[in-house]
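S.K.: Compact mmCIF, C-alpha atoms, file structure.txt:
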```
# COMPACT_ATOMS: atom_id res chain seq x y z
CA MET K 13 19.19 41.94 105.51
CA PRO K 14 15.83 41.86 103.63
CA VAL K 15 15.31 44.60 101.05
CA ASP K 16 12.03 46.50 100.99
CA SER K 17 10.03 45.68 97.82
CA LEU K 18 8.54 49.18 97.52
CA PRO K 19 11.73 50.90 96.21
CA ASN K 20 12.26 48.05 93.78
CA SER K 21 8.75 48.37 92.40
CA ILE K 22 9.10 52.12 92.03
CA LEU K 23 12.40 51.73 90.16
CA ALA K 24 10.90 49.08 87.86
CA HIS K 25 7.94 51.36 87.13
CA MET K 26 10.25 54.28 86.25
CA LEU K 27 12.26 52.08 83.91
CA ALA K 28 9.12 50.87 82.18
CA ILE K 29 7.62 54.35 81.70
CA SER K 30 10.48 56.75 81.10
CA ASN K 31 13.33 54.36 80.28
CA VAL K 32 15.40 56.01 83.00
CA PRO K 33 18.90 54.47 83.15
CA PRO K 34 19.94 52.98 86.46
CA PRO K 35 22.01 55.28 88.67
CA PRO K 36 25.80 54.84 88.32
CA LEU K 37 27.59 52.90 90.99
CA HIS K 38 29.81 54.99 93.21
CA SER K 39 32.67 53.68 95.27
CA LEU K 40 33.48 55.08 98.63
CA PRO K 41 36.28 57.66 98.54
CA ARG K 42 39.62 56.44 99.84
CA LEU K 43 40.66 57.83 103.15
CA ARG K 44 43.77 59.97 103.11
CA LEU K 45 46.29 58.82 105.62
CA SER K 46 47.43 61.52 107.98
CA LYS K 47 51.15 62.24 108.03
CA THR K 48 51.03 62.95 111.77
CA ILE K 49 49.70 59.53 112.90
CA ASN K 50 51.69 56.34 113.27
CA TYR K 51 49.14 53.80 112.02
CA GLY K 52 51.28 50.84 112.95
CA GLN K 53 51.32 51.96 116.58
CA LEU K 54 47.55 52.66 116.45
CA ASN K 55 46.86 49.14 115.17
CA ALA K 56 48.98 47.69 117.98
CA LEU K 57 47.00 49.68 120.58
CA CYS K 58 43.66 48.49 119.22
CA HIS K 59 44.72 44.86 119.58
CA ILE K 60 45.87 45.00 123.18
CA ARG K 61 44.85 41.79 124.90
CA GLY K 62 41.83 42.28 127.13
CA LEU K 63 40.83 45.70 125.75
CA LYS K 64 37.62 44.43 124.10
CA SER K 65 36.60 42.14 126.96
CA ASP K 66 32.99 42.65 128.12
CA GLN K 67 33.73 41.51 131.63
CA HIS K 68 34.86 43.99 134.26
CA SER K 69 37.97 42.14 135.19
CA SER K 70 41.45 43.15 136.21
CA LEU K 71 42.68 42.15 132.71
CA ARG K 72 40.47 44.76 131.08
CA SER K 73 41.59 47.40 133.59
CA GLU K 74 45.24 46.68 132.88
CA ALA K 75 44.60 46.81 129.11
CA HIS K 76 42.86 50.17 129.53
CA ASP K 77 45.76 51.60 131.53
CA ALA K 78 48.24 50.36 128.90
CA PHE K 79 46.17 51.96 126.11
CA ILE K 80 46.04 55.35 127.89
CA LYS K 81 49.79 55.20 128.58
CA GLN K 82 50.79 54.33 125.00
CA TYR K 83 48.16 56.48 123.30
CA PRO K 84 50.42 59.61 122.83
CA GLN K 85 52.89 57.45 120.89
CA ILE K 86 50.59 57.24 117.86
CA PHE K 87 51.25 60.92 117.07
CA LEU K 88 54.37 61.65 115.02
CA ARG K 89 56.37 64.66 116.10
CA GLU K 90 58.89 66.55 114.02
CA LYS K 91 62.41 66.30 115.27
CA THR K 92 63.77 69.54 116.62
CA VAL K 93 67.10 70.36 114.97
CA LEU K 94 69.28 72.42 117.25
CA PRO K 95 71.67 74.96 115.73
CA LYS K 96 75.17 73.67 115.22
CA VAL K 97 77.65 74.86 117.79
CA SER K 98 80.69 76.21 116.02
CA HIS K 99 84.00 75.22 117.50
CA GLN K 100 86.47 77.99 117.88
CA VAL K 101 89.46 77.23 115.70
CA ASP K 102 92.87 78.33 116.73
CA LYS K 103 93.80 80.93 114.14
CA ARG K 104 97.40 81.10 115.14
CA LYS K 105 99.72 79.63 112.58
CA SER K 106 103.43 79.36 112.36
CA ALA K 107 105.31 82.11 110.61
CA LEU K 108 106.55 79.65 108.03
CA LYS K 109 103.02 78.57 107.02
CA LEU K 110 101.89 82.18 106.83
CA ALA K 111 104.80 83.05 104.59
CA GLU K 112 104.17 80.06 102.33
CA LYS K 113 100.51 80.99 102.03
CA LYS K 114 101.30 84.63 101.37
CA HIS K 115 103.81 83.87 98.67
CA GLN K 116 101.94 81.21 96.77
CA PRO K 117 102.22 81.63 93.00
CA VAL K 118 99.51 83.71 91.36
CA MET K 119 96.95 81.60 89.48
CA ALA K 120 96.71 81.95 85.74
CA HIS K 121 94.00 84.18 84.26
CA ASN K 122 92.28 81.30 82.47
CA ILE K 123 88.69 81.95 83.35
CA SER K 124 87.43 78.51 82.26
CA ALA K 125 88.90 76.93 85.40
CA TYR K 126 86.73 79.09 87.61
CA LEU K 127 83.62 78.75 85.46
CA ARG K 128 83.49 75.03 86.08
CA GLU K 129 83.06 75.72 89.79
CA ALA K 130 80.45 78.43 89.34
CA ARG K 131 77.90 77.02 86.93
CA GLY K 132 75.00 77.67 89.28
CA GLY K 133 75.98 81.29 89.79
CA PRO K 134 78.79 82.52 92.05
CA SER K 135 78.18 83.17 95.72
CA ILE K 136 78.35 86.75 96.90
CA ASP K 137 77.45 88.39 100.19
CA GLU K 138 74.13 90.10 99.47
CA LYS K 139 74.21 91.90 102.83
CA GLU K 140 77.18 93.97 101.68
CA ILE K 141 75.45 95.03 98.45
CA THR K 142 71.97 96.40 99.18
CA GLU K 143 69.46 97.22 96.45
CA GLU K 144 70.14 100.95 96.74
CA LYS K 145 73.88 100.43 96.66
CA PHE K 146 73.63 98.13 93.66
CA GLN K 147 71.48 100.66 91.75
CA GLU K 148 74.01 103.39 92.52
CA PHE K 149 76.73 101.03 91.28
CA LEU K 150 74.90 100.60 87.96
CA ASN K 151 74.47 104.37 87.58
CA ILE K 152 78.19 104.92 88.17
CA LEU K 153 79.13 102.38 85.51
CA LYS K 154 76.94 104.23 83.00
CA LYS K 155 79.29 107.20 83.27
CA LEU K 156 82.52 107.39 81.36
CA PRO K 157 85.46 106.67 83.69
CA VAL K 158 86.86 110.19 83.22
CA TYR K 159 83.66 111.71 84.66
CA ARG K 160 83.58 109.60 87.83
CA THR K 161 84.55 111.08 91.19
CA THR K 162 87.07 109.59 93.60
CA HIS K 163 84.23 108.36 95.81
CA GLU K 164 82.60 106.63 92.84
CA HIS K 165 85.88 104.96 91.83
CA ASN K 166 86.32 103.66 95.39
CA MET K 167 82.76 102.33 95.44
CA VAL K 168 83.29 100.41 92.18
CA TRP K 169 86.55 99.02 93.57
CA LYS K 170 84.86 97.87 96.80
CA ILE K 171 82.09 96.02 94.94
CA LEU K 172 84.58 94.36 92.59
CA GLN K 173 86.40 93.08 95.69
CA SER K 174 83.22 91.25 96.75
CA ILE K 175 83.06 89.15 93.53
CA PRO K 176 84.92 85.85 94.20
CA GLU K 177 85.75 85.18 90.53
CA LEU K 178 87.64 88.49 90.35
CA THR K 179 89.42 88.33 93.71
CA SER K 180 90.69 84.84 92.85
CA GLN K 181 92.50 86.26 89.80
CA PHE K 182 93.52 89.78 90.72
CA SER K 183 95.19 91.37 93.69
CA ASN K 184 93.53 94.31 95.44
CA GLU K 185 95.95 96.72 93.80
CA ASP K 186 95.17 95.33 90.34
CA LEU K 187 91.43 95.56 91.00
CA LYS K 188 91.86 99.15 92.17
CA ILE K 189 93.51 100.07 88.86
CA LEU K 190 91.02 98.11 86.75
CA SER K 191 88.03 99.57 88.64
CA LYS K 192 88.87 102.97 87.16
CA LYS K 193 88.54 101.56 83.62
CA VAL K 194 85.51 99.22 83.80
CA ILE K 195 82.29 100.11 81.97
CA SER K 196 78.75 98.75 81.71
CA GLU K 197 77.06 97.62 78.50
CA THR K 198 73.32 97.12 77.89
CA TRP K 199 72.26 94.12 75.78
CA ILE K 200 68.66 93.42 74.78
CA LYS K 201 66.99 90.02 74.92
CA GLY K 202 68.26 87.55 72.33
CA SER K 203 71.58 89.28 71.75
CA THR K 204 74.78 87.29 71.25
CA VAL K 205 77.63 88.69 73.33
CA ILE K 206 81.10 87.62 72.17
CA GLY K 207 83.72 87.79 74.94
CA ASP K 208 86.81 87.95 72.73
CA ASP K 209 87.93 91.38 73.88
CA GLY K 210 87.74 91.14 77.63
CA LEU K 211 86.26 89.66 80.79
CA TYR K 212 82.51 90.11 81.33
CA VAL K 213 80.44 90.00 84.54
CA LEU K 214 76.64 89.68 84.32
CA LEU K 215 75.03 92.29 86.58
CA THR K 216 71.33 91.94 85.74
CA GLY K 217 69.26 89.49 83.74
CA GLN K 218 70.19 85.99 82.62
CA ALA K 219 72.03 84.45 79.68
CA ARG K 220 72.92 81.03 78.23
CA ARG K 221 76.35 79.91 77.17
CA ARG K 222 76.83 79.07 73.53
CA VAL K 223 78.38 75.73 72.61
CA LYS K 224 79.79 74.46 69.37
CA VAL K 225 77.01 72.85 67.33
CA PHE K 226 76.94 70.65 64.23
CA ARG K 227 74.18 69.96 61.72
CA SER K 228 73.02 66.37 61.63
CA LEU K 229 74.11 64.56 58.46
CA ILE K 230 71.66 61.69 59.06
CA GLU K 231 68.35 63.51 59.63
CA GLU K 232 66.41 64.58 56.56
CA ASN K 233 65.36 67.80 58.25
CA ASP K 234 68.36 70.13 58.06
CA SER K 235 66.87 72.40 60.72
CA ILE K 236 67.83 70.00 63.52
CA ILE K 237 71.05 71.07 65.21
CA THR K 238 72.58 68.98 67.96
CA SER K 239 75.58 69.59 70.14
CA LEU K 240 78.40 67.13 70.61
CA TYR K 241 79.49 68.74 73.85
CA ARG K 242 78.84 66.23 76.62
CA ASP K 243 75.16 66.10 77.62
CA SER K 244 74.28 69.69 76.77
CA PHE K 245 72.17 70.55 73.76
CA LEU K 246 71.58 73.86 72.04
CA PHE K 247 69.29 74.75 69.15
CA ASP K 248 69.24 77.82 66.94
CA ALA K 249 66.31 79.84 65.61
CA GLU K 250 65.83 77.50 62.62
CA LEU K 251 64.56 74.69 64.86
CA GLN K 252 60.76 74.61 64.67
CA ASP K 253 58.09 72.11 65.78
CA SER K 254 60.55 69.32 66.42
CA THR K 255 60.12 66.56 68.97
CA VAL K 256 63.87 66.70 69.53
CA ALA K 257 63.51 70.24 70.81
CA GLN K 258 61.10 69.01 73.45
CA LEU K 259 63.27 66.11 74.53
CA TYR K 260 66.58 67.93 74.93
CA VAL K 261 66.40 71.01 77.12
CA PRO K 262 69.57 73.13 77.55
CA SER K 263 71.46 72.12 80.66
CA LYS K 264 71.29 74.31 83.75
CA LYS K 265 75.08 74.34 83.70
CA LEU K 266 74.93 76.57 80.64
CA ILE K 267 72.91 79.28 82.39
CA VAL K 268 74.76 82.44 83.45
CA LYS K 269 73.10 84.18 86.38
CA GLN K 270 73.87 87.41 88.22
CA TRP K 271 77.60 87.84 88.97
CA GLY K 272 78.39 85.03 86.52
CA ILE K 273 81.37 85.59 84.22
CA PHE K 274 82.45 84.72 80.70
CA GLY K 275 85.24 85.77 78.38
CA SER K 276 88.91 85.97 79.25
CA LEU K 277 91.81 88.37 79.50
CA LYS K 278 94.40 86.07 77.97
CA ASP K 279 94.67 82.84 75.95
CA ARG K 280 91.44 83.76 74.20
CA ALA K 281 92.32 81.66 71.14
CA GLU K 282 92.37 78.46 73.22
CA MET K 283 89.22 79.33 75.17
CA ASP K 284 86.22 76.97 75.09
CA GLU K 285 83.28 78.11 72.98
CA ARG K 286 80.87 78.10 75.91
CA ASP K 287 83.24 80.30 77.93
CA ARG K 288 83.66 82.72 75.05
CA SER K 289 80.10 83.92 74.37
CA VAL K 290 76.52 83.92 75.64
CA VAL K 291 73.00 84.57 74.35
CA THR K 292 70.88 86.84 76.56
CA ASP K 293 67.53 85.46 77.77
CA TYR K 294 66.44 88.88 79.06
CA ASP K 295 67.65 92.47 78.81
CA CYS K 296 71.02 92.44 80.56
CA GLU K 297 73.50 94.86 82.07
CA ILE K 298 77.03 93.48 81.71
CA LEU K 299 80.22 94.84 83.26
CA LYS K 300 83.21 94.71 80.96
CA ILE K 301 86.92 94.63 81.81
CA ALA K 302 88.62 95.35 78.50
CA ALA K 303 91.57 93.13 77.58
CA LYS K 304 93.51 96.14 76.33
CA GLU K 305 93.19 97.78 79.78
CA TYR K 306 94.51 94.60 81.36
CA GLU K 307 97.46 94.61 78.96
CA LYS K 308 98.18 98.22 79.93
CA LEU K 309 98.07 97.21 83.58
CA LYS K 310 100.60 94.43 83.01
CA LEU K 311 102.91 96.77 81.11
CA GLU K 312 102.70 99.35 83.90
CA LYS K 313 103.48 96.69 86.51
CA VAL K 314 106.49 95.44 84.53
CA LYS K 315 107.70 99.01 84.03
CA HIS K 316 107.36 99.80 87.74
CA GLU K 317 109.03 96.53 88.76
CA ASN K 318 111.95 97.07 86.40
CA ALA K 319 112.48 100.56 87.81
CA GLN K 320 112.61 99.03 91.30
CA LYS K 321 115.16 96.44 90.18
CA LEU K 322 117.33 99.09 88.51
CA LYS K 323 117.30 101.24 91.64
CA LEU K 324 118.08 98.24 93.87
CA ILE K 325 121.01 96.90 91.86
CA ARG K 326 122.52 100.36 91.38
CA LYS K 327 122.60 100.91 95.16
CA CYS K 328 124.46 97.67 95.85
CA PRO K 329 128.17 98.44 96.59
CA PHE K 330 129.69 96.42 93.72
CA TYR K 331 127.41 97.95 91.07
CA GLU K 332 127.62 101.66 91.88
CA THR K 333 130.04 102.34 89.02
CA TRP K 334 128.31 100.12 86.46
CA PRO K 335 126.85 101.83 83.39
CA THR K 336 123.05 101.92 83.23
CA LEU K 337 122.93 99.83 80.05
CA SER K 338 124.77 96.95 81.74
CA ILE K 339 122.49 97.08 84.76
CA TRP K 340 119.44 96.98 82.46
CA GLU K 341 120.73 93.67 81.07
CA LEU K 342 120.67 92.28 84.63
CA VAL K 343 117.19 93.72 85.22
CA SER K 344 115.82 91.77 82.26
CA ILE K 345 116.83 88.39 83.75
CA CYS K 346 116.14 88.91 87.46
CA LYS K 347 112.85 88.58 89.33
CA PHE K 348 111.62 89.33 92.83
CA LYS K 349 111.20 86.50 95.34
CA ASN K 350 110.19 86.36 99.00
CA PHE K 351 111.69 84.09 101.66
CA PRO K 352 110.30 83.42 105.16
CA PRO K 353 112.35 83.89 108.34
CA GLY K 354 114.79 81.07 109.11
CA HIS K 355 115.09 79.96 105.49
CA VAL K 356 118.52 78.57 104.58
CA LEU K 357 119.57 80.30 101.34
CA VAL K 358 122.90 78.51 100.98
CA GLU K 359 124.92 76.11 103.14
CA SER K 360 128.66 76.13 103.70
CA GLY K 361 130.55 73.97 101.20
CA THR K 362 127.95 74.22 98.40
CA VAL K 363 127.81 76.36 95.26
CA ILE K 364 124.91 78.80 95.41
CA SER K 365 122.26 78.57 92.68
CA PHE K 366 121.47 82.28 92.37
CA VAL K 367 122.68 85.82 92.87
CA GLY K 368 120.61 87.75 95.40
CA TYR K 369 120.00 91.49 95.79
CA ILE K 370 118.30 92.20 99.15
CA ASN K 371 115.45 94.68 98.80
CA SER K 372 114.02 94.38 102.32
CA GLY K 373 114.89 92.42 105.46
CA TYR K 374 118.27 90.98 106.38
CA CYS K 375 120.19 87.67 106.39
CA ASN K 376 122.50 86.26 109.06
CA ILE K 377 125.89 84.82 108.12
CA TYR K 378 127.18 81.78 110.02
CA ARG K 379 130.38 79.77 109.79
CA ASN K 380 130.90 76.13 110.64
CA VAL K 381 133.47 75.84 113.45
CA VAL K 382 134.80 72.54 114.81
CA GLY K 383 135.11 72.45 118.58
CA LEU K 384 136.11 69.94 121.26
CA VAL K 385 133.80 68.89 124.07
CA ASP K 386 135.08 67.22 127.24
CA LEU K 387 133.55 63.84 128.00
CA PRO K 388 133.86 61.67 131.12
CA ILE K 389 136.93 59.47 131.63
CA ASN K 390 139.30 62.00 130.07
CA LYS K 391 137.79 61.85 126.56
CA VAL K 392 136.95 64.60 124.09
CA LYS K 393 134.54 64.78 121.15
CA LYS K 394 134.59 66.91 118.00
CA ILE K 395 131.39 68.81 117.24
CA LYS K 396 130.41 71.39 114.62
CA LYS K 397 128.74 74.62 115.59
CA LEU K 398 127.39 77.56 113.61
CA VAL K 399 129.09 80.72 114.75
CA TYR K 400 127.50 84.06 113.91
CA MET K 401 129.82 86.09 111.68
CA GLY K 402 127.78 89.06 110.48
CA LYS K 403 124.73 90.26 108.62
CA LEU K 404 123.68 91.03 105.04
CA LYS K 405 121.49 94.12 105.02
CA GLU K 406 119.25 95.89 102.53
CA LYS K 407 120.84 97.05 99.26
CA GLU K 408 123.54 94.39 99.50
CA SER K 409 124.18 91.45 97.16
CA PHE K 410 125.80 88.03 97.43
CA GLY K 411 126.52 84.92 95.35
CA GLU K 412 128.28 86.47 92.32
CA ILE K 413 131.74 84.92 92.91
CA SER K 414 130.35 81.50 93.84
CA ILE K 415 128.37 81.22 90.59
CA LEU K 416 130.94 82.73 88.23
CA LEU K 417 133.86 80.70 89.60
CA GLN K 418 131.77 77.70 90.70
CA ALA K 419 133.41 78.06 94.11
CA PRO K 420 131.68 76.62 97.20
CA PHE K 421 130.41 79.04 99.81
CA THR K 422 132.56 79.25 102.93
CA CYS K 423 129.61 80.20 105.15
CA THR K 424 125.90 79.54 105.66
CA VAL K 425 123.37 82.28 104.92
CA ILE K 426 120.00 82.17 106.74
CA THR K 427 117.23 84.78 106.57
CA GLY K 428 116.81 86.65 109.84
CA GLN K 429 113.30 87.86 108.99
CA GLU K 430 111.04 87.90 105.96
CA VAL K 431 113.26 88.88 103.05
CA GLU K 432 112.39 90.19 99.61
CA MET K 433 115.17 90.08 97.08
CA ALA K 434 115.78 90.26 93.35
CA VAL K 435 117.16 86.92 92.20
CA ILE K 436 119.12 85.91 89.09
CA GLU K 437 119.13 82.13 88.60
CA ASP K 438 122.40 80.41 87.66
CA LYS K 439 120.87 79.09 84.40
CA ASP K 440 120.00 82.64 83.34
CA ILE K 441 123.53 83.79 84.09
CA GLN K 442 124.97 81.01 81.92
CA VAL K 443 122.72 81.99 79.02
CA TYR K 444 123.58 85.66 79.56
CA GLY K 445 127.28 84.83 79.61
CA ASN K 446 127.08 82.88 76.37
```
Reformat the file's structure so that it appears as structure tokens.
M.R.:
Amino acid sequence: MPVDSLPNSILAHMLAISNVPPPPLHSLPRLRLSKTINYGQLNALCHIRGLKSDQHSSLRSEAHDAFIKQYPQIFLREKTVLPKVSHQVDKRKSALKLAEKKHQPVMAHNISAYLREARGGPSIDEKEITEEKFQEFLNILKKLPVYRTTHEHNMVWKILQSIPELTSQFSNEDLKILSKKVISETWIKGSTVIGDDGLYVLLTGQARRRVKVFRSLIEENDSIITSLYRDSFLFDAELQDSTVAQLYVPSKKLIVKQWGIFGSLKDRAEMDERDRSVVTDYDCEILKIAAKEYEKLKLEKVKHENAQKLKLIRKCPFYETWPTLSIWELVSICKFKNFPPGHVLVESGTVISFVGYINSGYCNIYRNVVGLVDLPINKVKKIKKLVYMGKLKEKESFGEISILLQAPFTCTVITGQEVEMAVIEDKDIQVYGN
């Protein structure tokens, strides 16, 4: 296209007079592609055969109809995700499985095992703990335990039951006792909290776990401190204006959020450094379960359990005339166990492996009897059957003669319902006898 000479002459005149620089070249802005349009489909529509034909033919009419029909397909639509339909699970379980689940061994109070699963902060039902309820909870913990009312003790107990890291370690009865002894401590920003004397739960604020650090022996700058614990790095207050500090940021796994825990109630000497202490990033309220209170709880439980064992053994017929000192020696080596219904405690013809003192429930006694069964063509067959002989009830014992004399049992003992009994293992009896 020819260019008009007038603008060119004007521009040349301006350059000659005022030395005006030429205007900068501008490129056209790039179009932003819409996320709601399928451009591949749009390009296919624009190239339909016969669409751009100038002649009014049937081919152009068909191309037009195809374009109108496929035109809505160029728009992308978000997929509608329907809510998942939950399948109703049959909650009925066999009595044996329920008993096995109920009587699983209690997990050890090593808090580091649970911390590995809760690095991002433990899950807790926020609907159960409203803001007002949580504030009331904090106010209660500020009081000394002796000044709290029964209602306040129950409220603390209920909230402790909603913390998964506590319910996984303590029974409801233990939490009820500990809830009457817990207190709250206030720590300002930048404080180092050492968890050597108990178990701590972060209520408000945020903290970082401390890890074992070593000074670098290679770097000239002694202020650089690096951690040899996996991929986590921690620096102290001496670290200033270092590029290393910008490269290595403390791992998110070291952050303790609300309801996070640290410290331990036992095996504190073998506890990992990052599970032992934290540094507060903000002002924090921390709930404390003192280790000495936990020790008192264990002593009270042992004392109560031993009193139960003494009372149980004394009421058994063969031990009524025993002196208390002798019974106490049995109490020290026996422990309570639970057995589900239908559990075979000992079979006929075998030496039992323990002495049992039934505290609750009962056991059925059966004897193997050989019988004859008539078969066709005048033949008979010997079969063994269990014949019910009697019952072992509460405050009765069994197994003493079989263990002491190493004599096989002449009957089979099977639990008739869920049974709790105090048990003395044969190995403990041998040590006691020696």
S.K.: Write out as a ChimeraX atom specification each polymer residue whose atoms come within 10 Å of Pro353 (chain K), counting only C-alpha atoms; drop sequence neighbours fewer than 2 positions from it.
M.R.: /K:107-108,111,350-351,355-356,373-375,426-431
S.K.: Would you put the residues from that selection into a file with C-alpha atoms, as an mmCIF file, in the frame of the given file?
M.R.:
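See result-v6.cif below for the written result:
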```cif
data_model
loop_
_atom_site.group_PDB
_atom_site.id
_atom_site.type_symbol
_atom_site.label_atom_id
_atom_site.label_comp_id
_atom_site.auth_asym_id
_atom_site.auth_seq_id
_atom_site.Cartn_x
_atom_site.Cartn_y
_atom_site.Cartn_z
ATOM 1 C CA ALA K 107 105.310 82.110 110.610
ATOM 2 C CA LEU K 108 106.550 79.650 108.030
ATOM 3 C CA ALA K 111 104.800 83.050 104.590
ATOM 4 C CA ASN K 350 110.190 86.360 99.000
ATOM 5 C CA PHE K 351 111.690 84.090 101.660
ATOM 6 C CA HIS K 355 115.090 79.960 105.490
ATOM 7 C CA VAL K 356 118.520 78.570 104.580
ATOM 8 C CA GLY K 373 114.890 92.420 105.460
ATOM 9 C CA TYR K 374 118.270 90.980 106.380
ATOM 10 C CA CYS K 375 120.190 87.670 106.390
ATOM 11 C CA ILE K 426 120.000 82.170 106.740
ATOM 12 C CA THR K 427 117.230 84.780 106.570
ATOM 13 C CA GLY K 428 116.810 86.650 109.840
ATOM 14 C CA GLN K 429 113.300 87.860 108.990
ATOM 15 C CA GLU K 430 111.040 87.900 105.960
ATOM 16 C CA VAL K 431 113.260 88.880 103.050
#
```
S.K.: Contacts of Leu63 (chain K) at 8 Å or less, counting all atoms listed in the file, minus same-chain residues fewer than 4 places along, as a PyMOL selection string?
M.R.: chain K and resi 58-59+72+75-76
S.K.: Closest to Leu342 (chain K) among K:Glu177, K:Glu437, K:Asp186, K:Asp208, using all atoms listed in the file?
M.R.: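 Ranked by minimum distance to Leu342 (chain K), first place goes to K:Glu437.
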S.K.: Please identify all polymer residues within 9 Å of Leu153 (chain K), counting only C-alpha atoms, omitting same-chain residues fewer than 5 positions from it, and present them as a PyMOL selection string.
M.R.: chain K and resi 148+160+168+194-197+299
S.K.: For CA of Ala78 (chain K) and CA of Leu57 (chain K), quote the distance in Å rounded to one decimal.
M.R.: 8.4 Å
S.K.: Counting all atoms listed in the file, which of K:Glu144, K:Asp438, K:Glu164, K:Glu408 gets nearest to Pro329 (chain K)?
M.R.: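 Smallest distance to Pro329 (chain K) is found for K:Glu408.
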S.K.: Within 9 Å of Cys328 (chain K), counting only C-alpha atoms, which residues qualify if same-chain residues fewer than 3 places away don't, as a PyMOL selection string?
M.R.: chain K and resi 324-325+331-332+369-370+406-409
S.K.: Grab the CA of Asp293 (chain K) to CA of Leu211 (chain K) distance for me, in Å with one decimal place.
M.R.: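 Between these atoms lies a distance of 19.4 Å.
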S.K.: Tell me, in Å to one decimal, how far CA of Leu384 (chain K) is from CA of Lys396 (chain K).
M.R.: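 CA of Lys396 (chain K) lies at a distance of 8.9 Å from CA of Leu384 (chain K).
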S.K.: I want to know what sits within 7 Å of Cys346 (chain K), based on all atoms listed in the file, with residues of the same chain fewer than 4 positions away left out; could you give that as a PyMOL selection string?
M.R.: chain K and resi 342+434-436
S.K.: Those same residues - C-alpha atoms - I'd like them written as a PDB file, in the coordinates of the input.
M.R.:
```pdb
ATOM      1  CA  LEU K 342     120.670  92.280  84.630  1.00  0.00           C
ATOM      2  CA  ALA K 434     115.780  90.260  93.350  1.00  0.00           C
ATOM      3  CA  VAL K 435     117.160  86.920  92.200  1.00  0.00           C
ATOM      4  CA  ILE K 436     119.120  85.910  89.090  1.00  0.00           C
TER       5      ILE K 436
END
```
S.K.: Which residue gives the smallest distance to Pro352 (chain K) among K:Asn166, K:Pro84, K:Ser372, K:Gly411, with only C-alpha atoms counted?
M.R.: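 Of the candidates, the smallest distance to Pro352 (chain K) is held by K:Ser372.
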S.K.: Would you fill out region 308-320 of chain K with N, CA and C atoms and return it as a JSON list (two decimals), keeping the file's coordinate frame?
M.R.:
```
[["chain", "number", "residue", "atom", "x", "y", "z"],
["K", 308, "LYS", "N", 97.54, 96.99, 79.44],
["K", 308, "LYS", "CA", 98.18, 98.22, 79.93],
["K", 308, "LYS", "C", 98.61, 98.06, 81.38],
["K", 309, "LEU", "N", 97.74, 97.42, 82.17],
["K", 309, "LEU", "CA", 98.07, 97.21, 83.58],
["K", 309, "LEU", "C", 99.31, 96.35, 83.72],
["K", 310, "LYS", "N", 99.41, 95.29, 82.93],
["K", 310, "LYS", "CA", 100.60, 94.43, 83.01],
["K", 310, "LYS", "C", 101.85, 95.18, 82.59],
["K", 311, "LEU", "N", 101.74, 96.00, 81.55],
["K", 311, "LEU", "CA", 102.91, 96.77, 81.11],
["K", 311, "LEU", "C", 103.35, 97.76, 82.17],
["K", 312, "GLU", "N", 102.36, 98.40, 82.84],
["K", 312, "GLU", "CA", 102.70, 99.35, 83.90],
["K", 312, "GLU", "C", 103.37, 98.64, 85.07],
["K", 313, "LYS", "N", 102.88, 97.44, 85.40],
["K", 313, "LYS", "CA", 103.48, 96.69, 86.51],
["K", 313, "LYS", "C", 104.91, 96.28, 86.18],
["K", 314, "VAL", "N", 105.13, 95.83, 84.94],
["K", 314, "VAL", "CA", 106.49, 95.44, 84.53],
["K", 314, "VAL", "C", 107.41, 96.66, 84.54],
["K", 315, "LYS", "N", 106.90, 97.79, 84.06],
["K", 315, "LYS", "CA", 107.70, 99.01, 84.03],
["K", 315, "LYS", "C", 108.08, 99.45, 85.44],
["K", 316, "HIS", "N", 107.09, 99.40, 86.35],
["K", 316, "HIS", "CA", 107.36, 99.80, 87.74],
["K", 316, "HIS", "C", 108.33, 98.83, 88.41],
["K", 317, "GLU", "N", 108.16, 97.53, 88.15],
["K", 317, "GLU", "CA", 109.03, 96.53, 88.76],
["K", 317, "GLU", "C", 110.46, 96.65, 88.24],
["K", 318, "ASN", "N", 110.61, 96.91, 86.96],
["K", 318, "ASN", "CA", 111.95, 97.07, 86.40],
["K", 318, "ASN", "C", 112.64, 98.30, 86.97],
["K", 319, "ALA", "N", 111.88, 99.36, 87.20],
["K", 319, "ALA", "CA", 112.48, 100.56, 87.81],
["K", 319, "ALA", "C", 112.96, 100.26, 89.23],
["K", 320, "GLN", "N", 112.19, 99.44, 89.96],
["K", 320, "GLN", "CA", 112.61, 99.03, 91.30],
["K", 320, "GLN", "C", 113.90, 98.21, 91.25]]
```
